[in-house]
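J.: This one is target-v2.txt, compact mmCIF, C-alpha atoms.
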```
# COMPACT_ATOMS: atom_id res chain seq x y z
CA MET A 183 1.13 21.23 -11.60
CA GLY A 184 1.63 21.92 -7.92
CA GLN A 185 2.97 19.63 -5.23
CA SER A 186 -0.52 18.44 -4.23
CA GLY A 187 -1.33 17.54 -7.86
CA ARG A 188 1.93 15.60 -8.14
CA ALA A 189 1.18 13.77 -4.89
CA ALA A 190 -2.34 12.90 -6.07
CA ARG A 191 -0.94 11.59 -9.36
CA LEU A 192 1.61 9.38 -7.55
CA VAL A 193 -1.00 8.00 -5.14
CA GLY A 194 -3.48 7.43 -7.98
CA ARG A 195 -0.92 5.41 -9.91
CA ALA A 196 -0.09 3.42 -6.78
CA LEU A 197 -3.77 2.62 -6.21
CA ARG A 198 -3.89 1.24 -9.77
CA LEU A 199 -0.90 -0.96 -8.79
CA CYS A 200 1.29 0.74 -11.39
CA CYS A 201 4.71 2.30 -11.06
CA PRO A 202 4.05 5.52 -9.09
CA ARG A 203 6.75 7.41 -10.99
CA CYS A 204 5.69 6.75 -14.60
CA GLY A 205 2.33 4.95 -14.33
CA ARG A 206 3.08 3.00 -17.54
CA ALA A 207 3.74 -0.49 -16.15
CA GLY A 208 2.37 -2.76 -13.48
CA ALA A 209 4.40 -2.88 -10.30
CA LEU A 210 3.50 -6.46 -9.38
CA ARG A 211 5.05 -9.74 -10.43
CA SER A 212 2.22 -11.55 -8.60
CA TRP A 213 -0.33 -10.53 -5.96
CA LEU A 214 2.20 -10.87 -3.13
CA ASN A 215 5.41 -9.99 -5.03
CA LEU A 216 6.53 -6.58 -6.20
CA ARG A 217 8.84 -6.38 -9.21
CA ASP A 218 12.44 -5.37 -8.51
CA ARG A 219 12.11 -2.41 -10.87
CA CYS A 220 9.65 -0.80 -13.23
CA PRO A 221 9.81 -2.42 -16.68
CA ALA A 222 8.98 0.93 -18.34
CA CYS A 223 11.08 3.56 -16.55
CA GLY A 224 13.52 1.31 -14.65
CA LEU A 225 12.84 2.76 -11.17
CA ASN A 226 14.30 0.49 -8.51
CA PHE A 227 11.32 -0.31 -6.27
CA GLU A 228 13.57 -1.07 -3.29
CA ARG A 229 15.11 2.40 -3.65
CA GLY A 230 18.46 0.98 -2.55
CA GLU A 231 17.73 0.43 1.13
CA GLU A 232 17.62 -2.82 3.06
CA GLY A 233 14.27 -3.33 4.76
CA TYR A 234 12.71 -0.62 2.58
CA HIS A 235 9.22 -2.12 2.58
CA LEU A 236 8.90 -2.24 6.36
CA GLY A 237 6.81 0.93 6.01
CA ALA A 238 4.47 -0.95 3.66
CA VAL A 239 3.92 -3.55 6.37
CA LEU A 240 2.97 -0.73 8.73
CA PHE A 241 0.56 0.72 6.14
CA ASN A 242 -1.00 -2.73 5.78
CA LEU A 243 -1.44 -3.17 9.53
CA ILE A 244 -2.96 0.28 9.97
CA ALA A 245 -5.38 -0.24 7.06
CA ALA A 246 -6.54 -3.61 8.43
CA GLU A 247 -7.05 -2.22 11.94
CA LEU A 248 -8.95 0.84 10.66
CA ALA A 249 -11.17 -1.37 8.50
CA LEU A 250 -11.96 -3.53 11.52
CA VAL A 251 -12.88 -0.50 13.64
CA VAL A 252 -15.06 0.98 10.87
CA GLY A 253 -16.74 -2.41 10.43
CA LEU A 254 -17.37 -2.73 14.16
CA VAL A 255 -18.90 0.74 14.37
CA ALA A 256 -21.00 0.08 11.23
CA VAL A 257 -22.46 -3.06 12.82
CA ILE A 258 -22.74 -2.02 16.48
CA LEU A 259 -24.37 1.41 16.08
CA PRO A 260 -27.42 0.37 14.06
CA THR A 261 -28.01 -2.81 16.10
CA TRP A 262 -27.56 -1.27 19.55
CA PRO A 263 -28.59 -2.34 22.28
CA HIS A 264 -28.47 -5.92 20.95
CA PRO A 265 -25.48 -6.21 18.61
CA PRO A 266 -24.83 -9.66 17.08
CA TRP A 267 -21.74 -10.42 19.14
CA ASP A 268 -21.13 -13.87 17.62
CA ALA A 269 -21.24 -12.46 14.08
CA ILE A 270 -18.95 -9.60 15.13
CA PHE A 271 -16.48 -12.07 16.67
CA TRP A 272 -16.33 -14.43 13.68
CA GLY A 273 -16.52 -11.62 11.15
CA GLY A 274 -13.64 -9.86 12.89
CA ILE A 275 -11.51 -12.98 12.62
CA VAL A 276 -12.26 -13.32 8.91
CA LEU A 277 -11.53 -9.62 8.31
CA MET A 278 -8.23 -9.74 10.19
CA ILE A 279 -7.07 -12.61 7.96
CA ALA A 280 -8.50 -11.42 4.63
CA LEU A 281 -7.87 -7.67 4.72
CA PRO A 282 -4.07 -7.76 5.06
CA LEU A 283 -3.89 -10.22 2.15
CA LEU A 284 -6.20 -8.10 0.00
CA PHE A 285 -4.47 -4.81 0.82
CA PHE A 286 -0.88 -6.11 0.69
CA PRO A 287 0.02 -5.06 -2.89
CA PHE A 288 -1.61 -1.67 -2.42
CA SER A 289 0.41 -1.08 0.74
CA LYS A 290 3.65 -1.68 -1.16
CA THR A 291 2.83 0.63 -4.07
CA LEU A 292 1.38 3.29 -1.74
CA TRP A 293 4.53 3.18 0.40
CA LEU A 294 6.61 3.71 -2.73
CA ALA A 295 4.34 6.61 -3.77
CA PHE A 296 4.65 8.29 -0.36
CA ASP A 297 8.40 7.86 -0.48
CA LEU A 298 8.49 9.47 -3.93
CA ILE A 299 6.38 12.37 -2.63
CA PHE A 300 8.84 13.16 0.15
CA ARG A 301 12.01 11.94 -1.56
CA PRO A 302 11.58 12.41 -5.34
CA SER A 303 13.52 10.16 -7.66
CA VAL A 304 16.82 11.45 -8.95
CA PRO A 305 19.04 10.32 -11.80
CA GLY A 306 20.59 7.05 -10.74
CA ASP A 307 17.47 5.67 -9.00
CA GLU A 308 17.30 3.27 -11.94
CA GLN A 309 20.51 1.70 -10.66
CA THR A 310 21.00 -0.23 -7.47
CA ARG A 311 22.65 2.17 -5.04
CA PRO A 312 26.04 1.31 -3.57
CA GLY A 313 25.91 -0.79 -0.43
CA SER A 314 22.73 -2.64 -1.39
```
Output the structure of this file as structure tokens.
T.:
Amino acid sequence: MGQSGRAARLVGRALRLCCPRCGRAGALRSWLNLRDRCPACGLNFERGEEGYHLGAVLFNLIAAELALVVGLVAVILPTWPHPPWDAIFWGGIVLMIALPLLFFPFSKTLWLAFDLIFRPSVPGDEQTRPGS
């Protein structure tokens, strides 16, 4: 399987909220908490770096903002020239609160998958790296 097939497999596993490396176990302890490591293959989900999931926060922010823009366009275009501004305002507030909470676990597993695409796991990733 080529690099693109491997990447698709990692992202697919992440979207199922499983360990991107093995796909055999769930990556979540609860909706807002990622496990420390995969119960099946032992992959350390922090990958030994302090602040590792800062990228996941960025993924979450970008996804919420893109969803808001898509929602705005989907409402404004068909209702132009008289869009329902009050509904757009209140709906935007609800989306900006709900979407980050709904997407949060996916952002963490997707971040881990993207990291594994560009920095594949090596022997010893099951251990906590020195200095962490």
J.: Using all atoms listed in the file, can you tell me which of A:Leu298, A:Val255, A:Leu214, A:Val304 comes closest to Leu192 of chain A?
T.: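 Among the listed residues, A:Leu298 lies closest to Leu192 of chain A.
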J.: Hey, what's within 9 Å of segment 279-296 of chain A if we count only C-alpha atoms and toss same-chain stuff fewer than 3 positions away? As a ChimeraX atom specification, please?
T.: /A:189,192-203,209-210,212-216,227-229,235,237-243,245-246,249-250,274-276,299-301
J.: Excluding Ile270 of chain A and residues on its chain fewer than 5 positions from it, collect all residues at most 9 Å away from it, counting only C-alpha atoms, and give them as a VMD selection string.
T.: chain A and resid 253 to 254 257 to 258 265 275
J.: As an exercise, work out the distance from atom CA of Ala190 of chain A to atom CA of Ser303 of chain A in Å and give it to one decimal place.
T.: 16.2 Å
J.: What separation in Å, quoted to one decimal, exists between atom CA of Leu225 of chain A and atom CA of Arg191 of chain A?
T.: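 These two atoms are separated by 16.5 Å.
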J.: Using the partial input, fill out segment 224-239 of chain A with N, CA and C atoms; write the result as a tab-separated table (two decimals), in the frame of the given file.
T.:
```tsv
chain	number	residue	atom	x	y	z
A	224	GLY	N	12.34	1.86	-15.30
A	224	GLY	CA	13.52	1.31	-14.65
A	224	GLY	C	13.69	1.69	-13.19
A	225	LEU	N	12.72	2.37	-12.58
A	225	LEU	CA	12.84	2.76	-11.17
A	225	LEU	C	13.03	1.53	-10.30
A	226	ASN	N	14.04	1.56	-9.46
A	226	ASN	CA	14.30	0.49	-8.51
A	226	ASN	C	13.27	0.61	-7.39
A	227	PHE	N	12.39	-0.38	-7.26
A	227	PHE	CA	11.32	-0.31	-6.27
A	227	PHE	C	11.81	-0.46	-4.84
A	228	GLU	N	12.99	-0.99	-4.63
A	228	GLU	CA	13.57	-1.07	-3.29
A	228	GLU	C	14.22	0.25	-2.89
A	229	ARG	N	14.48	1.11	-3.84
A	229	ARG	CA	15.11	2.40	-3.65
A	229	ARG	C	16.44	2.29	-2.91
A	230	GLY	N	17.10	1.14	-3.02
A	230	GLY	CA	18.46	0.98	-2.55
A	230	GLY	C	18.64	0.87	-1.05
A	231	GLU	N	17.61	0.51	-0.32
A	231	GLU	CA	17.73	0.43	1.13
A	231	GLU	C	17.25	-0.94	1.62
A	232	GLU	N	18.03	-1.55	2.48
A	232	GLU	CA	17.62	-2.82	3.06
A	232	GLU	C	16.43	-2.59	3.98
A	233	GLY	N	15.46	-3.46	3.92
A	233	GLY	CA	14.27	-3.33	4.76
A	233	GLY	C	13.35	-2.19	4.33
A	234	TYR	N	13.46	-1.78	3.08
A	234	TYR	CA	12.71	-0.62	2.58
A	234	TYR	C	11.21	-0.76	2.78
A	235	HIS	N	10.68	-1.95	2.55
A	235	HIS	CA	9.22	-2.12	2.58
A	235	HIS	C	8.66	-2.37	3.98
A	236	LEU	N	9.42	-2.13	5.01
A	236	LEU	CA	8.90	-2.24	6.36
A	236	LEU	C	7.75	-1.23	6.57
A	237	GLY	N	7.88	-0.07	5.95
A	237	GLY	CA	6.81	0.93	6.01
A	237	GLY	C	5.53	0.42	5.37
A	238	ALA	N	5.65	-0.38	4.31
A	238	ALA	CA	4.47	-0.95	3.66
A	238	ALA	C	3.75	-1.92	4.60
A	239	VAL	N	4.52	-2.65	5.39
A	239	VAL	CA	3.92	-3.55	6.37
A	239	VAL	C	3.12	-2.74	7.39
```
